[in-house]
Amino acid sequence: MDSEHVEFTKEMREAGYTILIPNMLEFHFSLIEKVLRLNGYNAVVLHNSGPGVMAEGLKYVHNDTCVPALLVIGQFLDALHSGEYDLNKVALMITQTGGGCRASNYIFLLRKALKKAGLSQIPVISVNLSGLEKASGFKITVPLIRQLVASLVYGDCIMCVSNQTRPYEQHKGDTNALIEKWNDALIGQYNKGRGLSRRDMRENLRAIVNDFDNIGRSRERKTRVGIVGEIYVKYSSLGNNGLEAFLQTQDCEYMLPGIMAFIEFKIDNRVEDIRLYGGSRLKKIFCQLFLRYVESMERMLIEAVAAHPAFVPPTAYQHIKGLVDGVIGYGSKMGEGWLLTAEMLELAENGYENIICTQPFGCLPNHINGKGMIRRLTEVHPGINIVPIDYDLSATKVNQENRIRLMLAVAKDAEAKAAAQRQLLEQEHLAEEAAAAWEARPKADSSK
């Protein structure tokens, strides 16, 4: 750990320091912002975007660094230089997962960028469960973990059902209006200390899915597309050049695996480390108990969505893990690791065989577990249609979208052939029924 970094202290928290958080998942992070505020932190999720963010990232981070690092750090520096915040009363918050990839190393790149920008007085808070860094002014407590997990579960639920509703809504805007309604409702419950117990969560999840199922929808058939990849580029519109908005213009229904599976993956990695390489038995027991708790939250979500046949529910983590047994080793856990491979099989199993694999340029783990596994996945699941898309600050949006259009053209051609095959089989079935009816007709008596 860098001995020169500025610690976020209790005095800073009590003084009301503004804590800036980079955006990734719109709805999830909106709730998390309110959770942090309820716990006494003056948190603000950033929404600044545009060329200024990219320019700041390239100015203060080496351009050989992966795209998510450039964008996250660029968003921080762009916000700090905007004049909206008191530079002597602001802090930055970033996650560290404990692995060898971006989610652990950005914090050092960020501090280096702050020093280069003459802002080394600004503290950077590490959010981690690995004991990598600690700050006396920020504590991860059991109540805070409960609130954060609940927010992620609600976010996954709304993301799941809204993505399956929006493409078919009969009155445009109904889905987004319902998202806003539930955002306000959940925040209102949080402010009253509600919405966090198992009973409250189960009731809320059922009500959320029921509300979305009541939105008027058409019955047309749209091309189903799954989105996987590096966690930031997969979810962040800043990172993927507005991928979801583009797919909405292409007459598609798209599905993103939820964040809960990634959380479970990171917890389970600690267990796998001990199983593969040895380690503390006490740590293993703690991680197993924490994993069971998160899985119990996930089960409530799956049950709520599965109760409505119109929706495809999320897949349980243990089933996702089992999909890659014999396909890729569980020791491949850098970045998104084997989970990236597993999510492609999960999507294909759920009917989303056309998959966009978002690849940040410079992200070696994702190129191995994503692009590098495509051939093997076509052997395991024939018919899967995967297109890897590289996201880099020098890549043009036009080229990225044209590659996706080509994938969609292949998908639509396959759908047309499948529809023709179904029609042919139906005609053959009708012909067989007619022939059977003819054979079964009463025969005239030839003796008369």
# chains A, B, ... in the order shown; residues from 1 in each chain; ligands from 1
$ residues_around --residues "stretch 407-413 of chain A" --least-positions-apart "3" --cutoff "12 Å" --atoms "only C-alpha atoms" --output "PyMOL selection string"
chain A and resi 221-226+247+250-254+352-357+383-389+400-404+416-420
$ select_by_dssp --residues "stretch 110-173 of chain A" --states "strand (DSSP E or B)" --output "list in words"
Val124, Ile125, Ser126, Val127, Ala135, Phe138 and Glu169 of chain A
$ closest_residue --among "A:Lys333, A:Arg13, A:Arg405, A:His381" --to "A:Gly351" --atoms "only C-alpha atoms"
A:His381
$ residues_around --residues "stretch 292-300 of chain A" --least-positions-apart "2" --cutoff "7 Å" --atoms "only C-alpha atoms" --output "list in words"
Val153, Arg202, Glu264, Gln288, Leu289, Phe290, Ile302, Glu303 and Ala304 of chain A
$ residues_around --residues "A:Leu256" --least-positions-apart "5" --cutoff "9 Å" --atoms "only C-alpha atoms" --output "JSON, numbers by chain"
{"A": [159, 160, 163, 225, 226, 227, 228, 234, 235, 347]}
$ write_last_selection --atoms "N, CA and C atoms" --output "compact mmCIF listing (two decimals), in the first residue's frame"
# COMPACT_ATOMS: atom_id res chain seq x y z
N MET A 159 -33.79 -4.54 -13.51
CA MET A 159 -33.08 -4.64 -14.78
C MET A 159 -33.58 -5.83 -15.59
N CYS A 160 -33.79 -6.96 -14.93
CA CYS A 160 -34.23 -8.18 -15.59
C CYS A 160 -35.60 -8.01 -16.25
N ASN A 163 -35.94 -4.99 -18.99
CA ASN A 163 -35.35 -5.29 -20.30
C ASN A 163 -36.23 -6.23 -21.11
N VAL A 225 -30.96 -10.79 -27.77
CA VAL A 225 -29.51 -10.56 -27.72
C VAL A 225 -29.06 -10.55 -26.27
N GLY A 226 -27.97 -11.25 -25.99
CA GLY A 226 -27.37 -11.23 -24.66
C GLY A 226 -26.12 -10.36 -24.68
N ILE A 227 -25.82 -9.74 -23.53
CA ILE A 227 -24.63 -8.88 -23.42
C ILE A 227 -23.77 -9.39 -22.27
N VAL A 228 -22.52 -9.68 -22.57
CA VAL A 228 -21.56 -10.10 -21.54
C VAL A 228 -20.29 -9.28 -21.70
N LYS A 234 -19.55 -3.74 -19.82
CA LYS A 234 -20.83 -4.42 -20.04
C LYS A 234 -22.01 -3.58 -19.58
N TYR A 235 -21.88 -2.94 -18.42
CA TYR A 235 -23.00 -2.22 -17.83
C TYR A 235 -23.02 -0.72 -18.11
N LEU A 347 -26.89 -17.48 -21.05
CA LEU A 347 -27.74 -16.73 -21.98
C LEU A 347 -28.26 -17.63 -23.09
$ closest_residue --among "A:Lys59, A:Arg281, A:Lys139, A:Arg217" --to "A:Lys172" --atoms "only C-alpha atoms"
A:Arg217
$ residues_around --residues "stretch 17-29 of chain A" --least-positions-apart "5" --cutoff "6 Å" --atoms "only C-alpha atoms" --output "VMD selection string"
chain A and resid 12 42 to 46 89 to 93 152 155 235 to 236
$ write_last_selection --atoms "N, CA and C atoms" --output "mmCIF file, in the first residue's frame"
data_model
loop_
_atom_site.group_PDB
_atom_site.id
_atom_site.type_symbol
_atom_site.label_atom_id
_atom_site.label_comp_id
_atom_site.auth_asym_id
_atom_site.auth_seq_id
_atom_site.Cartn_x
_atom_site.Cartn_y
_atom_site.Cartn_z
ATOM 1 N N MET A 12 -13.217 13.831 8.544
ATOM 2 C CA MET A 12 -13.674 14.172 7.193
ATOM 3 C C MET A 12 -15.137 13.783 7.004
ATOM 4 N N ASN A 42 -21.858 11.500 2.663
ATOM 5 C CA ASN A 42 -22.395 12.442 1.678
ATOM 6 C C ASN A 42 -21.991 11.984 0.277
ATOM 7 N N ALA A 43 -22.629 10.915 -0.189
ATOM 8 C CA ALA A 43 -22.243 10.263 -1.449
ATOM 9 C C ALA A 43 -22.939 10.887 -2.647
ATOM 10 N N VAL A 44 -22.223 10.968 -3.768
ATOM 11 C CA VAL A 44 -22.766 11.476 -5.027
ATOM 12 C C VAL A 44 -22.281 10.568 -6.157
ATOM 13 N N VAL A 45 -23.219 9.935 -6.884
ATOM 14 C CA VAL A 45 -22.864 9.130 -8.051
ATOM 15 C C VAL A 45 -22.710 10.070 -9.244
ATOM 16 N N LEU A 46 -21.591 9.961 -9.948
ATOM 17 C CA LEU A 46 -21.300 10.853 -11.061
ATOM 18 C C LEU A 46 -22.091 10.471 -12.314
ATOM 19 N N LYS A 89 -12.675 19.520 0.198
ATOM 20 C CA LYS A 89 -13.710 18.870 1.000
ATOM 21 C C LYS A 89 -14.421 17.803 0.160
ATOM 22 N N VAL A 90 -13.616 17.041 -0.563
ATOM 23 C CA VAL A 90 -14.152 16.007 -1.435
ATOM 24 C C VAL A 90 -13.269 14.760 -1.330
ATOM 25 N N ALA A 91 -13.893 13.599 -1.488
ATOM 26 C CA ALA A 91 -13.174 12.325 -1.484
ATOM 27 C C ALA A 91 -13.683 11.486 -2.648
ATOM 28 N N LEU A 92 -12.919 10.484 -3.045
ATOM 29 C CA LEU A 92 -13.292 9.593 -4.135
ATOM 30 C C LEU A 92 -13.421 8.178 -3.595
ATOM 31 N N MET A 93 -14.383 7.421 -4.125
ATOM 32 C CA MET A 93 -14.604 6.047 -3.676
ATOM 33 C C MET A 93 -14.487 5.095 -4.854
ATOM 34 N N LEU A 152 -28.654 -4.270 -4.526
ATOM 35 C CA LEU A 152 -28.223 -5.003 -5.713
ATOM 36 C C LEU A 152 -29.292 -5.995 -6.168
ATOM 37 N N GLY A 155 -32.035 -3.983 -7.794
ATOM 38 C CA GLY A 155 -31.544 -3.514 -9.084
ATOM 39 C C GLY A 155 -31.548 -4.601 -10.132
ATOM 40 N N TYR A 235 -21.878 -2.940 -18.424
ATOM 41 C CA TYR A 235 -23.004 -2.222 -17.829
ATOM 42 C C TYR A 235 -23.016 -0.716 -18.109
ATOM 43 N N SER A 236 -21.855 -0.105 -18.228
ATOM 44 C CA SER A 236 -21.782 1.355 -18.291
ATOM 45 C C SER A 236 -21.998 1.870 -19.714
#
$ residues_around --residues "A:Asn183" --least-positions-apart "6" --cutoff "12 Å" --atoms "only C-alpha atoms" --output "list in words"
Glu26, Phe27, His28, Phe29, Ser30, Leu31, Ile32, Glu33, Lys34, Ser151, Tyr154, Gly155, Ile158, Asn176, Ala177, Gln189, Tyr190, Asn204 and Ile208 of chain A
$ write_last_selection --atoms "N, CA and C atoms" --output "PDB file, in the first residue's frame"
ATOM      1  N   GLU A  26     -27.087   2.253 -13.590  1.00  0.00           N
ATOM      2  CA  GLU A  26     -27.907   3.412 -13.252  1.00  0.00           C
ATOM      3  C   GLU A  26     -28.809   3.172 -12.037  1.00  0.00           C
ATOM      4  N   PHE A  27     -29.659   2.151 -12.105  1.00  0.00           N
ATOM      5  CA  PHE A  27     -30.632   1.953 -11.037  1.00  0.00           C
ATOM      6  C   PHE A  27     -29.967   1.458  -9.759  1.00  0.00           C
ATOM      7  N   HIS A  28     -29.081   0.481  -9.878  1.00  0.00           N
ATOM      8  CA  HIS A  28     -28.394  -0.062  -8.713  1.00  0.00           C
ATOM      9  C   HIS A  28     -27.668   1.041  -7.945  1.00  0.00           C
ATOM     10  N   PHE A  29     -26.909   1.859  -8.684  1.00  0.00           N
ATOM     11  CA  PHE A  29     -26.087   2.864  -8.029  1.00  0.00           C
ATOM     12  C   PHE A  29     -26.922   4.009  -7.460  1.00  0.00           C
ATOM     13  N   SER A  30     -28.090   4.234  -8.040  1.00  0.00           N
ATOM     14  CA  SER A  30     -28.996   5.234  -7.477  1.00  0.00           C
ATOM     15  C   SER A  30     -29.414   4.837  -6.063  1.00  0.00           C
ATOM     16  N   LEU A  31     -29.710   3.556  -5.874  1.00  0.00           N
ATOM     17  CA  LEU A  31     -30.072   3.062  -4.545  1.00  0.00           C
ATOM     18  C   LEU A  31     -28.876   3.062  -3.602  1.00  0.00           C
ATOM     19  N   ILE A  32     -27.720   2.645  -4.124  1.00  0.00           N
ATOM     20  CA  ILE A  32     -26.515   2.594  -3.291  1.00  0.00           C
ATOM     21  C   ILE A  32     -26.143   3.988  -2.792  1.00  0.00           C
ATOM     22  N   GLU A  33     -26.322   4.990  -3.639  1.00  0.00           N
ATOM     23  CA  GLU A  33     -26.058   6.370  -3.229  1.00  0.00           C
ATOM     24  C   GLU A  33     -26.904   6.740  -2.009  1.00  0.00           C
ATOM     25  N   LYS A  34     -28.181   6.352  -2.044  1.00  0.00           N
ATOM     26  CA  LYS A  34     -29.084   6.669  -0.927  1.00  0.00           C
ATOM     27  C   LYS A  34     -28.725   5.853   0.314  1.00  0.00           C
ATOM     28  N   SER A 151     -30.003  -3.611  -2.191  1.00  0.00           N
ATOM     29  CA  SER A 151     -30.058  -2.692  -3.329  1.00  0.00           C
ATOM     30  C   SER A 151     -29.647  -3.395  -4.617  1.00  0.00           C
ATOM     31  N   TYR A 154     -32.634  -5.694  -5.660  1.00  0.00           N
ATOM     32  CA  TYR A 154     -33.698  -4.893  -6.283  1.00  0.00           C
ATOM     33  C   TYR A 154     -33.278  -4.422  -7.672  1.00  0.00           C
ATOM     34  N   GLY A 155     -32.035  -3.983  -7.794  1.00  0.00           N
ATOM     35  CA  GLY A 155     -31.544  -3.514  -9.084  1.00  0.00           C
ATOM     36  C   GLY A 155     -31.548  -4.601 -10.132  1.00  0.00           C
ATOM     37  N   ILE A 158     -35.241  -5.313 -11.250  1.00  0.00           N
ATOM     38  CA  ILE A 158     -35.806  -4.306 -12.150  1.00  0.00           C
ATOM     39  C   ILE A 158     -35.103  -4.339 -13.499  1.00  0.00           C
ATOM     40  N   ASN A 176     -40.050   2.903 -18.364  1.00  0.00           N
ATOM     41  CA  ASN A 176     -39.190   3.872 -17.675  1.00  0.00           C
ATOM     42  C   ASN A 176     -39.932   4.584 -16.547  1.00  0.00           C
ATOM     43  N   ALA A 177     -41.222   4.843 -16.758  1.00  0.00           N
ATOM     44  CA  ALA A 177     -42.020   5.493 -15.709  1.00  0.00           C
ATOM     45  C   ALA A 177     -42.135   4.581 -14.488  1.00  0.00           C
ATOM     46  N   GLN A 189     -38.935   3.720   1.391  1.00  0.00           N
ATOM     47  CA  GLN A 189     -38.884   2.652   2.393  1.00  0.00           C
ATOM     48  C   GLN A 189     -37.563   2.689   3.158  1.00  0.00           C
ATOM     49  N   TYR A 190     -36.467   2.896   2.463  1.00  0.00           N
ATOM     50  CA  TYR A 190     -35.167   2.975   3.129  1.00  0.00           C
ATOM     51  C   TYR A 190     -35.160   4.079   4.182  1.00  0.00           C
ATOM     52  N   ASN A 204     -41.663  -6.862  -1.809  1.00  0.00           N
ATOM     53  CA  ASN A 204     -41.283  -5.866  -2.814  1.00  0.00           C
ATOM     54  C   ASN A 204     -40.963  -6.511  -4.152  1.00  0.00           C
ATOM     55  N   ILE A 208     -42.844  -5.745  -7.572  1.00  0.00           N
ATOM     56  CA  ILE A 208     -42.104  -5.189  -8.722  1.00  0.00           C
ATOM     57  C   ILE A 208     -42.405  -5.999  -9.979  1.00  0.00           C
TER      58      ILE A 208
END
$ closest_atom_pairs --of "stretch 220-260 of chain A" --to "stretch 360-378 of chain A" --cutoff "8 Å" --atoms "only C-alpha atoms" --output "tab-separated table"
residue	atom	partner	partner_atom	distance
A:Gly229	CA	A:Asn366	CA	6.8
A:Glu230	CA	A:Asn366	CA	6.4
A:Val233	CA	A:Pro360	CA	6.8
$ atom_distance --atom1 "atom CA of A:Leu114" --atom2 "atom CA of A:Phe76"
9.5 Å
$ atom_distance --atom1 "atom CA of A:Phe8" --atom2 "atom CA of A:Ala69"
21.8 Å
$ closest_residue --among "A:Asn214, A:Asn63, A:Asn88, A:Gln96" --to "A:Gly118" --atoms "only C-alpha atoms"
A:Asn88
$ atom_distance --atom1 "atom CA of A:Ile140" --atom2 "atom CA of A:Pro68"
24.9 Å
$ closest_residue --among "A:Gly193, A:Asp390, A:Val6, A:Val161" --to "A:Pro143" --atoms "only C-alpha atoms"
A:Gly193
$ residues_around --residues "A:Asp273" --least-positions-apart "5" --cutoff "12 Å" --atoms "only C-alpha atoms" --output "PyMOL selection string"
chain A and resi 99+265-268+278-281+283-284+287+330-333
$ write_last_selection --atoms "C-alpha atoms" --output "PDB file, in the first residue's frame"
ATOM      1  CA  GLY A  99      -7.644  -9.891  -7.594  1.00  0.00           C
ATOM      2  CA  PHE A 265     -18.290 -15.294  -8.048  1.00  0.00           C
ATOM      3  CA  LYS A 266     -15.931 -13.012  -6.102  1.00  0.00           C
ATOM      4  CA  ILE A 267     -16.923 -14.568  -2.760  1.00  0.00           C
ATOM      5  CA  ASP A 268     -16.693 -18.094  -4.152  1.00  0.00           C
ATOM      6  CA  GLY A 278      -4.776 -24.241   0.828  1.00  0.00           C
ATOM      7  CA  GLY A 279      -5.321 -21.514   3.399  1.00  0.00           C
ATOM      8  CA  SER A 280      -7.254 -20.483   6.463  1.00  0.00           C
ATOM      9  CA  ARG A 281     -10.114 -22.817   7.409  1.00  0.00           C
ATOM     10  CA  LYS A 283     -11.719 -17.747   6.245  1.00  0.00           C
ATOM     11  CA  LYS A 284     -13.198 -20.555   4.167  1.00  0.00           C
ATOM     12  CA  CYS A 287     -16.809 -17.025   2.907  1.00  0.00           C
ATOM     13  CA  TYR A 330     -12.414 -22.696 -11.924  1.00  0.00           C
ATOM     14  CA  GLY A 331      -8.874 -21.488 -11.337  1.00  0.00           C
ATOM     15  CA  SER A 332      -9.355 -19.079 -14.248  1.00  0.00           C
ATOM     16  CA  LYS A 333     -10.648 -16.228 -12.128  1.00  0.00           C
TER      17      LYS A 333
END
